[in-house]
Amino acid sequence: QQFDLFPSQRPGMGGVNIAVNDTLFDPFVNPARATRLTRGYFFANPYSHSVTGGRGGGRTVPVGGLFTAGKWSGTALVALQQLDRAGPSWNLPISEQTATNSYVEASLARRLSGGLSLGAAAYYAGLGAVDGVDLLYAGSDRIQQDGHLVDLRLGLTKDFSGQRTLDAVLVHNRTSVVHDVHYSLWRWVVPGQTTQFFEREEHNEDHTNIWGVHARYAYPLGSEGWRIGFVGTANRLSHPKIPNYDVQNIPRDPGNTSAFNAGVGVARTIGGFVAGVDVLYEPMFADTWATAERDTAIVVGGTIRAGERTVDNTFRFNNARMRMGVSQEIPLKADSSSALGLQAGLGAYAIRYRLKQYNHVQRSYRTQDEDWVEWSPSLGVKYRSHNVELQYTWYRTC
């Protein structure tokens, strides 16, 4: 939830978005969708989030707007965020108990002839911390983080006859973060009598570059408010540097990942009532490896030269998502100039992978299977008048 900066018409619907259009959120996914705006918006979208067990959280204030002027449209957003650092804080100065992140986004789109629109967007995040990083370094008592994230997008949207729409987005994303990890350790010098205190620090770099192509096609089914949509995504990730953290005891350095999804969504709109369901399958294929810093002896004889691989990891993911949600607007005036909206949704994310690992130093091979499900219920209430909308949304990931 750290990066949930962008406004949405229906945030309480569990993330349903394949066959359900969202005038506020869609332009931040595909910048060309800003040309669908019929009027401008100014928004303030403050929110707080937390991780149970005292593992972090924070407060965020994004403000921005969506504008349209003739054939031109666009978006702009700035946000400030304070994150609570996890771990012990009794002996740390304020600067090490919290971290500050800043975000900025801008896009510009133009409507062309024949129902075609093109758009471009740029997004930058200056990161003083990212939630959950402390969980990667068991036993550490302080982690200094610093880095940035850049996301660039080119998008198009095409309207066909019969309310059929096609969206396509080219994405390039670069993440570069540094983790300086501090450990305070004690060890027995004389067993049971004397201890010695010492400190240790690690410097880890986390770099990932992404190229991706995303597409969505949606059209109405019949004349009773039904609509169906299809999505497809192909992403190629390169990992020039991955931290050597201890999670799952998987040493690694560089690597590559190919990630895909394919999904279908169905929605129905009847007056002020909207209901939708999305189902997606997400296969991913990742290969990472560790390299020897110096010549390393093999247990059965021989040597691995510096720079050669000591460990190979192969991951195969078969993940699945299901999202469902409903929204109902209740008019408060006969002309529908004001209304009360209620929203509810549920998301389920099933993660399943197999790791195959070969250790070239030990000449050993192992496989490991992991799977779990994350559940995300959500509720929302909204008041809408002619000039203003007030909205509150609650959601949780279990």
# chains A, B, ... in the order shown; residues from 1 in each chain; ligands from 1

$ select_by_dssp --residues "segment 28-231 of chain A" --states "strand (DSSP E)" --output "PyMOL selection string"
chain A and resi 41-44+47-50+57-69+72-84+98-111+116-127+142-160+164-190+194-221+226-231

$ closest_atom_pairs --of "segment 364-398 of chain A" --to "segment 339-358 of chain A" --cutoff "7 Å" --atoms "only C-alpha atoms" --output "CSV"
residue,atom,partner,partner_atom,distance
A:Ser364,CA,A:Tyr358,CA,5.9
A:Tyr365,CA,A:Tyr358,CA,4.6
A:Arg366,CA,A:Gln357,CA,5.5
A:Thr367,CA,A:Lys356,CA,4.5
A:Gln368,CA,A:Leu355,CA,5.0
A:Asp369,CA,A:Arg354,CA,4.5
A:Glu370,CA,A:Tyr353,CA,5.6
A:Asp371,CA,A:Arg352,CA,4.2
A:Trp372,CA,A:Ile351,CA,5.5
A:Val373,CA,A:Ala350,CA,4.3
A:Glu374,CA,A:Tyr349,CA,5.1
A:Trp375,CA,A:Ala348,CA,4.7
A:Ser376,CA,A:Gly347,CA,4.8
A:Pro377,CA,A:Leu346,CA,4.3
A:Ser378,CA,A:Gly345,CA,5.1
A:Leu379,CA,A:Ala344,CA,4.5
A:Gly380,CA,A:Gln343,CA,4.7
A:Val381,CA,A:Leu342,CA,4.7
A:Lys382,CA,A:Gly341,CA,4.7
A:Tyr383,CA,A:Leu340,CA,4.7
A:Arg384,CA,A:Ala339,CA,5.2
A:Ser385,CA,A:Ala339,CA,6.6

$ write_last_selection --atoms "N, CA, C and O atoms" --output "PDB file, in the first residue's frame"
ATOM      1  N   SER A 364      25.741 -30.091  -5.028  1.00  0.00           N
ATOM      2  CA  SER A 364      24.465 -30.562  -4.495  1.00  0.00           C
ATOM      3  C   SER A 364      23.317 -29.922  -5.267  1.00  0.00           C
ATOM      4  O   SER A 364      23.467 -28.855  -5.870  1.00  0.00           O
ATOM      5  N   TYR A 365      22.158 -30.594  -5.204  1.00  0.00           N
ATOM      6  CA  TYR A 365      20.973 -30.121  -5.922  1.00  0.00           C
ATOM      7  C   TYR A 365      19.764 -30.275  -5.013  1.00  0.00           C
ATOM      8  O   TYR A 365      19.651 -31.272  -4.279  1.00  0.00           O
ATOM      9  N   ARG A 366      18.872 -29.287  -5.014  1.00  0.00           N
ATOM     10  CA  ARG A 366      17.660 -29.392  -4.210  1.00  0.00           C
ATOM     11  C   ARG A 366      16.509 -28.691  -4.905  1.00  0.00           C
ATOM     12  O   ARG A 366      16.720 -27.812  -5.749  1.00  0.00           O
ATOM     13  N   THR A 367      15.285 -29.090  -4.547  1.00  0.00           N
ATOM     14  CA  THR A 367      14.072 -28.422  -5.015  1.00  0.00           C
ATOM     15  C   THR A 367      13.253 -28.011  -3.794  1.00  0.00           C
ATOM     16  O   THR A 367      13.330 -28.636  -2.739  1.00  0.00           O
ATOM     17  N   GLN A 368      12.493 -26.954  -3.957  1.00  0.00           N
ATOM     18  CA  GLN A 368      11.680 -26.430  -2.867  1.00  0.00           C
ATOM     19  C   GLN A 368      10.373 -25.885  -3.441  1.00  0.00           C
ATOM     20  O   GLN A 368      10.400 -25.093  -4.398  1.00  0.00           O
ATOM     21  N   ASP A 369       9.256 -26.292  -2.869  1.00  0.00           N
ATOM     22  CA  ASP A 369       7.938 -25.832  -3.307  1.00  0.00           C
ATOM     23  C   ASP A 369       7.312 -24.978  -2.217  1.00  0.00           C
ATOM     24  O   ASP A 369       7.326 -25.349  -1.034  1.00  0.00           O
ATOM     25  N   GLU A 370       6.754 -23.828  -2.618  1.00  0.00           N
ATOM     26  CA  GLU A 370       6.089 -22.924  -1.685  1.00  0.00           C
ATOM     27  C   GLU A 370       4.766 -22.457  -2.289  1.00  0.00           C
ATOM     28  O   GLU A 370       4.680 -22.261  -3.517  1.00  0.00           O
ATOM     29  N   ASP A 371       3.751 -22.279  -1.428  1.00  0.00           N
ATOM     30  CA  ASP A 371       2.493 -21.702  -1.911  1.00  0.00           C
ATOM     31  C   ASP A 371       1.715 -21.129  -0.741  1.00  0.00           C
ATOM     32  O   ASP A 371       1.814 -21.620   0.388  1.00  0.00           O
ATOM     33  N   TRP A 372       0.974 -20.055  -1.003  1.00  0.00           N
ATOM     34  CA  TRP A 372       0.099 -19.427  -0.009  1.00  0.00           C
ATOM     35  C   TRP A 372      -0.916 -18.561  -0.738  1.00  0.00           C
ATOM     36  O   TRP A 372      -0.808 -18.334  -1.950  1.00  0.00           O
ATOM     37  N   VAL A 373      -1.908 -18.066  -0.016  1.00  0.00           N
ATOM     38  CA  VAL A 373      -2.950 -17.210  -0.583  1.00  0.00           C
ATOM     39  C   VAL A 373      -3.058 -15.945   0.256  1.00  0.00           C
ATOM     40  O   VAL A 373      -3.084 -16.010   1.484  1.00  0.00           O
ATOM     41  N   GLU A 374      -3.110 -14.799  -0.411  1.00  0.00           N
ATOM     42  CA  GLU A 374      -3.321 -13.512   0.252  1.00  0.00           C
ATOM     43  C   GLU A 374      -4.741 -13.040  -0.048  1.00  0.00           C
ATOM     44  O   GLU A 374      -5.155 -13.002  -1.216  1.00  0.00           O
ATOM     45  N   TRP A 375      -5.475 -12.680   1.010  1.00  0.00           N
ATOM     46  CA  TRP A 375      -6.860 -12.227   0.874  1.00  0.00           C
ATOM     47  C   TRP A 375      -6.934 -10.725   1.143  1.00  0.00           C
ATOM     48  O   TRP A 375      -6.323 -10.236   2.101  1.00  0.00           O
ATOM     49  N   SER A 376      -7.703  -9.986   0.325  1.00  0.00           N
ATOM     50  CA  SER A 376      -7.779  -8.525   0.456  1.00  0.00           C
ATOM     51  C   SER A 376      -9.231  -8.061   0.393  1.00  0.00           C
ATOM     52  O   SER A 376      -9.748  -7.745  -0.693  1.00  0.00           O
ATOM     53  N   PRO A 377      -9.913  -7.995   1.541  1.00  0.00           N
ATOM     54  CA  PRO A 377     -11.262  -7.415   1.563  1.00  0.00           C
ATOM     55  C   PRO A 377     -11.184  -5.892   1.548  1.00  0.00           C
ATOM     56  O   PRO A 377     -10.208  -5.294   2.018  1.00  0.00           O
ATOM     57  N   SER A 378     -12.224  -5.238   1.015  1.00  0.00           N
ATOM     58  CA  SER A 378     -12.262  -3.773   0.965  1.00  0.00           C
ATOM     59  C   SER A 378     -13.699  -3.290   1.093  1.00  0.00           C
ATOM     60  O   SER A 378     -14.647  -3.966   0.688  1.00  0.00           O
ATOM     61  N   LEU A 379     -13.846  -2.094   1.667  1.00  0.00           N
ATOM     62  CA  LEU A 379     -15.140  -1.435   1.824  1.00  0.00           C
ATOM     63  C   LEU A 379     -14.959   0.045   1.524  1.00  0.00           C
ATOM     64  O   LEU A 379     -13.910   0.625   1.819  1.00  0.00           O
ATOM     65  N   GLY A 380     -15.971   0.664   0.939  1.00  0.00           N
ATOM     66  CA  GLY A 380     -15.885   2.079   0.631  1.00  0.00           C
ATOM     67  C   GLY A 380     -17.239   2.755   0.730  1.00  0.00           C
ATOM     68  O   GLY A 380     -18.286   2.135   0.516  1.00  0.00           O
ATOM     69  N   VAL A 381     -17.219   4.050   1.073  1.00  0.00           N
ATOM     70  CA  VAL A 381     -18.427   4.872   1.084  1.00  0.00           C
ATOM     71  C   VAL A 381     -18.072   6.207   0.440  1.00  0.00           C
ATOM     72  O   VAL A 381     -16.966   6.724   0.633  1.00  0.00           O
ATOM     73  N   LYS A 382     -19.005   6.748  -0.357  1.00  0.00           N
ATOM     74  CA  LYS A 382     -18.731   7.966  -1.107  1.00  0.00           C
ATOM     75  C   LYS A 382     -19.956   8.872  -1.112  1.00  0.00           C
ATOM     76  O   LYS A 382     -21.091   8.400  -1.256  1.00  0.00           O
ATOM     77  N   TYR A 383     -19.700  10.164  -0.957  1.00  0.00           N
ATOM     78  CA  TYR A 383     -20.748  11.166  -1.156  1.00  0.00           C
ATOM     79  C   TYR A 383     -20.377  11.993  -2.375  1.00  0.00           C
ATOM     80  O   TYR A 383     -19.259  12.498  -2.491  1.00  0.00           O
ATOM     81  N   ARG A 384     -21.311  12.128  -3.302  1.00  0.00           N
ATOM     82  CA  ARG A 384     -21.076  12.879  -4.529  1.00  0.00           C
ATOM     83  C   ARG A 384     -22.131  13.960  -4.693  1.00  0.00           C
ATOM     84  O   ARG A 384     -23.331  13.692  -4.568  1.00  0.00           O
ATOM     85  N   SER A 385     -21.660  15.193  -4.946  1.00  0.00           N
ATOM     86  CA  SER A 385     -22.560  16.270  -5.334  1.00  0.00           C
ATOM     87  C   SER A 385     -22.120  16.763  -6.711  1.00  0.00           C
ATOM     88  O   SER A 385     -21.246  16.166  -7.338  1.00  0.00           O
TER      89      SER A 385
END

$ residues_around --residues "Val274 of chain A" --least-positions-apart "5" --cutoff "7 Å" --atoms "only C-alpha atoms" --output "VMD selection string"
chain A and resid 268 to 269 326 to 328

$ write_last_selection --atoms "all heavy atoms" --output "CSV table (one decimal), in the first residue's frame"
chain,number,residue,atom,x,y,z
A,268,ARG,N,-21.3,-5.8,-15.0
A,268,ARG,CA,-22.6,-5.4,-15.4
A,268,ARG,C,-23.0,-4.1,-14.7
A,268,ARG,O,-22.7,-4.0,-13.5
A,268,ARG,CB,-23.6,-6.5,-15.1
A,268,ARG,CG,-25.0,-6.2,-15.7
A,268,ARG,CD,-26.0,-7.3,-15.4
A,268,ARG,NE,-27.3,-7.1,-16.2
A,268,ARG,CZ,-28.4,-7.7,-16.0
A,268,ARG,NH1,-28.5,-8.6,-15.1
A,268,ARG,NH2,-29.4,-7.5,-16.8
A,269,THR,N,-23.6,-3.2,-15.5
A,269,THR,CA,-24.0,-1.9,-15.0
A,269,THR,C,-25.5,-1.8,-15.2
A,269,THR,O,-26.0,-1.9,-16.4
A,269,THR,CB,-23.2,-0.8,-15.7
A,269,THR,OG1,-21.8,-0.9,-15.5
A,269,THR,CG2,-23.6,0.6,-15.2
A,326,VAL,N,-18.6,-4.9,-5.9
A,326,VAL,CA,-19.9,-4.3,-6.3
A,326,VAL,C,-19.9,-2.8,-5.8
A,326,VAL,O,-19.2,-2.5,-4.9
A,326,VAL,CB,-21.1,-5.0,-5.6
A,326,VAL,CG1,-21.2,-6.4,-6.2
A,326,VAL,CG2,-20.9,-5.1,-4.1
A,327,SER,N,-20.7,-2.0,-6.5
A,327,SER,CA,-20.8,-0.6,-6.2
A,327,SER,C,-22.3,-0.2,-6.4
A,327,SER,O,-22.8,-0.6,-7.5
A,327,SER,CB,-19.9,0.3,-7.0
A,327,SER,OG,-20.1,1.6,-6.8
A,328,GLN,N,-22.8,0.6,-5.5
A,328,GLN,CA,-24.2,1.0,-5.7
A,328,GLN,C,-24.3,2.5,-5.3
A,328,GLN,O,-23.8,2.9,-4.2
A,328,GLN,CB,-25.1,0.2,-4.7
A,328,GLN,CG,-26.6,0.7,-4.7
A,328,GLN,CD,-27.3,0.5,-6.1
A,328,GLN,OE1,-27.5,-0.7,-6.4
A,328,GLN,NE2,-27.7,1.5,-6.8

$ residues_around --residues "Arg227 of chain A" --least-positions-apart "6" --cutoff "6 Å" --atoms "only C-alpha atoms" --output "number ranges by chain"
A: 219-221, 266-267

$ write_last_selection --atoms "all heavy atoms" --output "short mmCIF file (atom, residue, chain, number, x, y, z; two decimals), in the first residue's frame"
data_model
loop_
_atom_site.label_atom_id
_atom_site.label_comp_id
_atom_site.auth_asym_id
_atom_site.auth_seq_id
_atom_site.Cartn_x
_atom_site.Cartn_y
_atom_site.Cartn_z
N TYR A 219 -15.47 -4.94 -24.69
CA TYR A 219 -16.63 -4.63 -25.53
C TYR A 219 -17.90 -5.06 -24.81
O TYR A 219 -17.88 -5.92 -23.92
CB TYR A 219 -16.51 -5.33 -26.89
CG TYR A 219 -16.41 -6.83 -26.82
CD1 TYR A 219 -17.54 -7.64 -26.87
CD2 TYR A 219 -15.16 -7.46 -26.71
CE1 TYR A 219 -17.46 -9.02 -26.82
CE2 TYR A 219 -15.06 -8.83 -26.64
CZ TYR A 219 -16.20 -9.61 -26.70
OH TYR A 219 -16.11 -10.97 -26.65
N PRO A 220 -19.04 -4.49 -25.18
CA PRO A 220 -20.31 -4.84 -24.51
C PRO A 220 -20.82 -6.19 -24.97
O PRO A 220 -20.56 -6.62 -26.10
CB PRO A 220 -21.25 -3.70 -24.91
CG PRO A 220 -20.68 -3.16 -26.18
CD PRO A 220 -19.19 -3.36 -26.11
N LEU A 221 -21.57 -6.84 -24.08
CA LEU A 221 -22.24 -8.10 -24.40
C LEU A 221 -23.75 -7.86 -24.36
O LEU A 221 -24.33 -7.65 -23.30
CB LEU A 221 -21.87 -9.18 -23.39
CG LEU A 221 -20.48 -9.81 -23.50
CD1 LEU A 221 -20.27 -10.77 -22.33
CD2 LEU A 221 -20.31 -10.55 -24.82
N VAL A 266 -15.55 -9.66 -16.37
CA VAL A 266 -16.94 -9.48 -16.76
C VAL A 266 -17.57 -8.50 -15.78
O VAL A 266 -17.33 -8.57 -14.57
CB VAL A 266 -17.72 -10.81 -16.75
CG1 VAL A 266 -19.19 -10.57 -17.11
CG2 VAL A 266 -17.08 -11.80 -17.71
N ALA A 267 -18.36 -7.57 -16.30
CA ALA A 267 -19.02 -6.58 -15.45
C ALA A 267 -20.42 -6.31 -15.96
O ALA A 267 -20.73 -6.53 -17.14
CB ALA A 267 -18.21 -5.27 -15.42
#

$ atom_distance --atom1 "atom CA of Glu282 of chain A" --atom2 "atom CA of Ala262 of chain A"
6.8 Å

$ closest_atom_pairs --of "segment 182-294 of chain A" --to "segment 299-304 of chain A" --cutoff "12 Å" --atoms "only C-alpha atoms" --output "JSON lines"
{"residue": "A:Ala290", "atom": "CA", "partner": "A:Ile304", "partner_atom": "CA", "distance": 11.9}
{"residue": "A:Thr291", "atom": "CA", "partner": "A:Ile304", "partner_atom": "CA", "distance": 9.3}
{"residue": "A:Ala292", "atom": "CA", "partner": "A:Ile304", "partner_atom": "CA", "distance": 7.3}
{"residue": "A:Glu293", "atom": "CA", "partner": "A:Ile304", "partner_atom": "CA", "distance": 10.0}
{"residue": "A:Arg294", "atom": "CA", "partner": "A:Ile304", "partner_atom": "CA", "distance": 8.4}

$ write_last_selection --atoms "all heavy atoms" --output "CSV table (one decimal), in the first residue's frame"
chain,number,residue,atom,x,y,z
A,290,ALA,N,24.7,-16.8,-8.2
A,290,ALA,CA,25.8,-16.1,-7.4
A,290,ALA,C,27.1,-16.4,-8.1
A,290,ALA,O,27.3,-17.5,-8.7
A,290,ALA,CB,25.8,-16.7,-6.0
A,291,THR,N,28.0,-15.5,-8.0
A,291,THR,CA,29.3,-15.6,-8.6
A,291,THR,C,30.4,-15.6,-7.5
A,291,THR,O,30.2,-14.9,-6.5
A,291,THR,CB,29.6,-14.5,-9.6
A,291,THR,OG1,29.4,-13.2,-9.0
A,291,THR,CG2,28.6,-14.6,-10.8
A,292,ALA,N,31.5,-16.2,-7.8
A,292,ALA,CA,32.6,-16.3,-6.8
A,292,ALA,C,33.4,-15.0,-6.8
A,292,ALA,O,33.8,-14.5,-7.9
A,292,ALA,CB,33.5,-17.5,-7.2
A,293,GLU,N,33.7,-14.4,-5.6
A,293,GLU,CA,34.5,-13.2,-5.5
A,293,GLU,C,36.0,-13.6,-5.7
A,293,GLU,O,36.8,-12.7,-6.0
A,293,GLU,CB,34.2,-12.6,-4.2
A,293,GLU,CG,32.8,-12.0,-4.0
A,293,GLU,CD,32.6,-11.3,-2.7
A,293,GLU,OE1,33.6,-11.2,-1.9
A,293,GLU,OE2,31.5,-10.8,-2.4
A,294,ARG,N,36.3,-14.8,-5.4
A,294,ARG,CA,37.7,-15.3,-5.5
A,294,ARG,C,37.7,-16.7,-5.9
A,294,ARG,O,36.7,-17.4,-5.9
A,294,ARG,CB,38.5,-15.1,-4.2
A,294,ARG,CG,37.9,-15.9,-3.0
A,294,ARG,CD,38.6,-15.5,-1.7
A,294,ARG,NE,38.3,-14.2,-1.3
A,294,ARG,CZ,37.2,-13.8,-0.6
A,294,ARG,NH1,36.3,-14.7,-0.3
A,294,ARG,NH2,37.1,-12.5,-0.3

$ atom_distance --atom1 "atom CA of Asp167 of chain A" --atom2 "atom CA of Gly114 of chain A"
14.6 Å

$ atom_distance --atom1 "atom CA of Gly128 of chain A" --atom2 "atom CA of Gly255 of chain A"
24.9 Å

$ closest_residue --among "A:Trp211, A:Tyr103, A:Trp226, A:Tyr123" --to "Val20 of chain A" --atoms "only C-alpha atoms"
A:Trp226

$ residues_around --residues "segment 105-108 of chain A" --least-positions-apart "4" --cutoff "12 Å" --atoms "only C-alpha atoms" --output "PyMOL selection string"
chain A and resi 5-6+27-35+62-69+71-79+117-126+149-156

$ write_last_selection --atoms "N, CA and C atoms" --output "CSV table (one decimal), in the first residue's frame"
chain,number,residue,atom,x,y,z
A,5,LEU,N,-0.9,5.7,-4.6
A,5,LEU,CA,-1.0,7.2,-4.6
A,5,LEU,C,-2.2,7.7,-5.4
A,6,PHE,N,-2.7,6.9,-6.4
A,6,PHE,CA,-3.5,7.5,-7.4
A,6,PHE,C,-5.0,7.4,-7.0
A,27,PRO,N,-6.2,6.9,-16.4
A,27,PRO,CA,-5.1,7.7,-17.0
A,27,PRO,C,-3.8,7.6,-16.4
A,28,PHE,N,-3.7,7.1,-15.1
A,28,PHE,CA,-2.4,6.8,-14.5
A,28,PHE,C,-1.8,5.5,-14.9
A,29,VAL,N,-2.6,4.6,-15.5
A,29,VAL,CA,-2.1,3.3,-16.0
A,29,VAL,C,-1.8,3.5,-17.5
A,30,ASN,N,-2.7,4.0,-18.2
A,30,ASN,CA,-2.5,4.3,-19.7
A,30,ASN,C,-2.7,5.8,-19.9
A,31,PRO,N,-1.6,6.5,-20.1
A,31,PRO,CA,-1.7,8.0,-20.2
A,31,PRO,C,-2.7,8.4,-21.3
A,32,ALA,N,-2.9,7.6,-22.4
A,32,ALA,CA,-3.8,8.0,-23.4
A,32,ALA,C,-5.2,8.1,-23.0
A,33,ARG,N,-5.6,7.4,-21.9
A,33,ARG,CA,-6.9,7.4,-21.4
A,33,ARG,C,-7.4,8.7,-20.8
A,34,ALA,N,-6.4,9.6,-20.6
A,34,ALA,CA,-6.8,11.0,-20.2
A,34,ALA,C,-7.7,11.7,-21.1
A,35,THR,N,-7.7,11.3,-22.4
A,35,THR,CA,-8.5,11.9,-23.4
A,35,THR,C,-10.0,11.6,-23.2
A,62,PRO,N,-1.0,12.7,-1.3
A,62,PRO,CA,-0.9,13.0,-2.7
A,62,PRO,C,-1.9,14.1,-3.1
A,63,VAL,N,-1.5,15.0,-3.9
A,63,VAL,CA,-2.4,16.0,-4.5
A,63,VAL,C,-2.1,16.1,-6.0
A,64,GLY,N,-3.1,16.4,-6.7
A,64,GLY,CA,-2.9,16.5,-8.2
A,64,GLY,C,-4.2,16.9,-8.9
A,65,GLY,N,-4.1,16.7,-10.2
A,65,GLY,CA,-5.3,17.1,-11.0
A,65,GLY,C,-5.2,16.3,-12.3
A,66,LEU,N,-6.4,16.3,-13.0
A,66,LEU,CA,-6.6,15.8,-14.3
A,66,LEU,C,-7.2,16.9,-15.1
A,67,PHE,N,-6.7,17.2,-16.3
A,67,PHE,CA,-7.2,18.3,-17.0
A,67,PHE,C,-7.5,17.9,-18.5
A,68,THR,N,-8.4,18.7,-19.1
A,68,THR,CA,-8.7,18.5,-20.5
A,68,THR,C,-8.9,19.9,-21.2
A,69,ALA,N,-8.3,20.1,-22.3
A,69,ALA,CA,-8.5,21.3,-23.1
A,69,ALA,C,-8.4,21.0,-24.6
A,71,LYS,N,-8.3,19.1,-27.7
A,71,LYS,CA,-7.8,17.7,-28.0
A,71,LYS,C,-6.7,17.3,-27.1
A,72,TRP,N,-6.3,18.1,-26.1
A,72,TRP,CA,-5.2,17.8,-25.2
A,72,TRP,C,-5.8,17.4,-23.8
A,73,SER,N,-5.2,16.5,-23.1
A,73,SER,CA,-5.5,16.1,-21.8
A,73,SER,C,-4.3,15.7,-21.1
A,74,GLY,N,-4.4,15.6,-19.7
A,74,GLY,CA,-3.2,15.1,-19.0
A,74,GLY,C,-3.5,15.0,-17.5
A,75,THR,N,-2.4,14.6,-16.8
A,75,THR,CA,-2.5,14.4,-15.3
A,75,THR,C,-1.2,15.0,-14.7
A,76,ALA,N,-1.3,15.3,-13.4
A,76,ALA,CA,-0.2,15.8,-12.6
A,76,ALA,C,-0.4,15.4,-11.2
A,77,LEU,N,0.7,14.9,-10.5
A,77,LEU,CA,0.6,14.5,-9.1
A,77,LEU,C,1.9,14.8,-8.4
A,78,VAL,N,1.8,15.2,-7.2
A,78,VAL,CA,2.9,15.3,-6.3
A,78,VAL,C,2.5,14.7,-4.9
A,79,ALA,N,3.4,14.0,-4.2
A,79,ALA,CA,3.1,13.4,-3.0
A,79,ALA,C,4.3,13.4,-2.0
A,117,SER,N,-6.2,7.8,-29.6
A,117,SER,CA,-5.5,8.8,-28.7
A,117,SER,C,-4.1,8.2,-28.4
A,118,LEU,N,-3.2,9.1,-28.2
A,118,LEU,CA,-1.8,8.8,-27.8
A,118,LEU,C,-1.4,9.6,-26.6
A,119,GLY,N,-0.6,9.0,-25.7
A,119,GLY,CA,-0.2,9.7,-24.5
A,119,GLY,C,1.1,9.2,-24.0
A,120,ALA,N,1.8,10.0,-23.2
A,120,ALA,CA,3.1,9.7,-22.6
A,120,ALA,C,3.1,10.1,-21.1
A,121,ALA,N,3.8,9.4,-20.3
A,121,ALA,CA,3.8,9.7,-18.8
A,121,ALA,C,5.1,9.4,-18.3
A,122,ALA,N,5.5,10.2,-17.2
A,122,ALA,CA,6.8,10.0,-16.5
A,122,ALA,C,6.4,10.1,-15.0
A,123,TYR,N,7.0,9.2,-14.2
A,123,TYR,CA,6.8,9.0,-12.8
A,123,TYR,C,8.1,8.8,-12.1
A,124,TYR,N,8.4,9.6,-11.0
A,124,TYR,CA,9.6,9.5,-10.3
A,124,TYR,C,9.3,9.4,-8.8
A,125,ALA,N,10.0,8.5,-8.1
A,125,ALA,CA,9.9,8.3,-6.7
A,125,ALA,C,11.3,8.4,-6.1
A,126,GLY,N,11.5,9.4,-5.2
A,126,GLY,CA,12.7,9.4,-4.4
A,126,GLY,C,12.5,8.7,-3.1
A,149,LEU,N,13.0,5.4,-8.0
A,149,LEU,CA,12.3,4.5,-9.0
A,149,LEU,C,11.8,5.5,-10.1
A,150,VAL,N,12.0,5.0,-11.4
A,150,VAL,CA,11.6,5.8,-12.5
A,150,VAL,C,10.7,4.9,-13.4
A,151,ASP,N,9.5,5.4,-13.8
A,151,ASP,CA,8.6,4.7,-14.6
A,151,ASP,C,8.2,5.6,-15.8
A,152,LEU,N,8.4,5.1,-17.0
A,152,LEU,CA,8.1,5.8,-18.3
A,152,LEU,C,7.1,5.0,-19.1
A,153,ARG,N,6.1,5.7,-19.6
A,153,ARG,CA,5.0,5.0,-20.3
A,153,ARG,C,4.6,5.7,-21.6
A,154,LEU,N,4.4,4.9,-22.6
A,154,LEU,CA,3.8,5.4,-23.9
A,154,LEU,C,2.5,4.6,-24.1
A,155,GLY,N,1.4,5.3,-24.3
A,155,GLY,CA,0.1,4.5,-24.3
A,155,GLY,C,-0.7,5.0,-25.5
A,156,LEU,N,-1.6,4.1,-26.0
A,156,LEU,CA,-2.6,4.4,-27.0
A,156,LEU,C,-3.9,3.8,-26.6

$ select_by_dssp --residues "segment 9-252 of chain A" --states "helix (DSSP H, G or I)" --output "MDAnalysis selection string"
chainID A and resid 26:29 31:36 52:54 94:97 113:115 133:136 247:249

$ write_last_selection --atoms "C-alpha atoms" --output "short mmCIF file (atom, residue, chain, number, x, y, z; two decimals), in the first residue's frame"
data_model
loop_
_atom_site.label_atom_id
_atom_site.label_comp_id
_atom_site.auth_asym_id
_atom_site.auth_seq_id
_atom_site.Cartn_x
_atom_site.Cartn_y
_atom_site.Cartn_z
CA ASP A 26 -7.17 4.67 -15.80
CA PRO A 27 -5.14 7.73 -17.02
CA PHE A 28 -2.38 6.85 -14.54
CA VAL A 29 -2.15 3.33 -15.99
CA PRO A 31 -1.74 8.00 -20.22
CA ALA A 32 -3.79 8.00 -23.44
CA ARG A 33 -6.93 7.36 -21.38
CA ALA A 34 -6.82 10.96 -20.16
CA THR A 35 -8.55 11.94 -23.40
CA ARG A 36 -11.71 10.23 -22.06
CA THR A 52 0.89 -5.55 11.70
CA GLY A 53 3.36 -6.56 14.38
CA GLY A 54 4.97 -3.12 14.38
CA ILE A 94 14.22 10.69 14.86
CA SER A 95 15.98 10.65 11.49
CA GLU A 96 16.52 6.91 11.91
CA GLN A 97 13.02 6.16 13.25
CA SER A 113 -8.77 11.28 -35.68
CA GLY A 114 -10.55 7.94 -36.04
CA GLY A 115 -11.05 7.41 -32.30
CA VAL A 133 12.96 -4.42 3.66
CA ASP A 134 13.81 -5.12 7.32
CA LEU A 135 12.28 -8.60 6.92
CA LEU A 136 14.99 -9.45 4.38
CA VAL A 247 15.72 -15.19 3.24
CA GLN A 248 15.28 -18.87 2.24
CA ASN A 249 19.10 -19.17 2.25
#

$ residues_around --residues "Ser258 of chain A" --least-positions-apart "5" --cutoff "6 Å" --atoms "only C-alpha atoms" --output "PDB file with N, CA and C atoms, in the first residue's frame"
ATOM      1  N   ASN A 235       6.361  -8.928 -19.563  1.00  0.00           N
ATOM      2  CA  ASN A 235       7.412  -8.109 -18.958  1.00  0.00           C
ATOM      3  C   ASN A 235       8.728  -8.872 -18.964  1.00  0.00           C
ATOM      4  N   ARG A 236       9.809  -8.151 -19.222  1.00  0.00           N
ATOM      5  CA  ARG A 236      11.153  -8.716 -19.129  1.00  0.00           C
ATOM      6  C   ARG A 236      11.931  -7.894 -18.107  1.00  0.00           C
ATOM      7  N   MET A 284       5.480 -16.859 -14.258  1.00  0.00           N
ATOM      8  CA  MET A 284       6.751 -16.132 -14.232  1.00  0.00           C
ATOM      9  C   MET A 284       7.907 -17.121 -14.207  1.00  0.00           C
ATOM     10  N   PHE A 285       9.004 -16.716 -14.831  1.00  0.00           N
ATOM     11  CA  PHE A 285      10.178 -17.577 -14.950  1.00  0.00           C
ATOM     12  C   PHE A 285      11.394 -16.726 -14.602  1.00  0.00           C
TER      13      PHE A 285
END
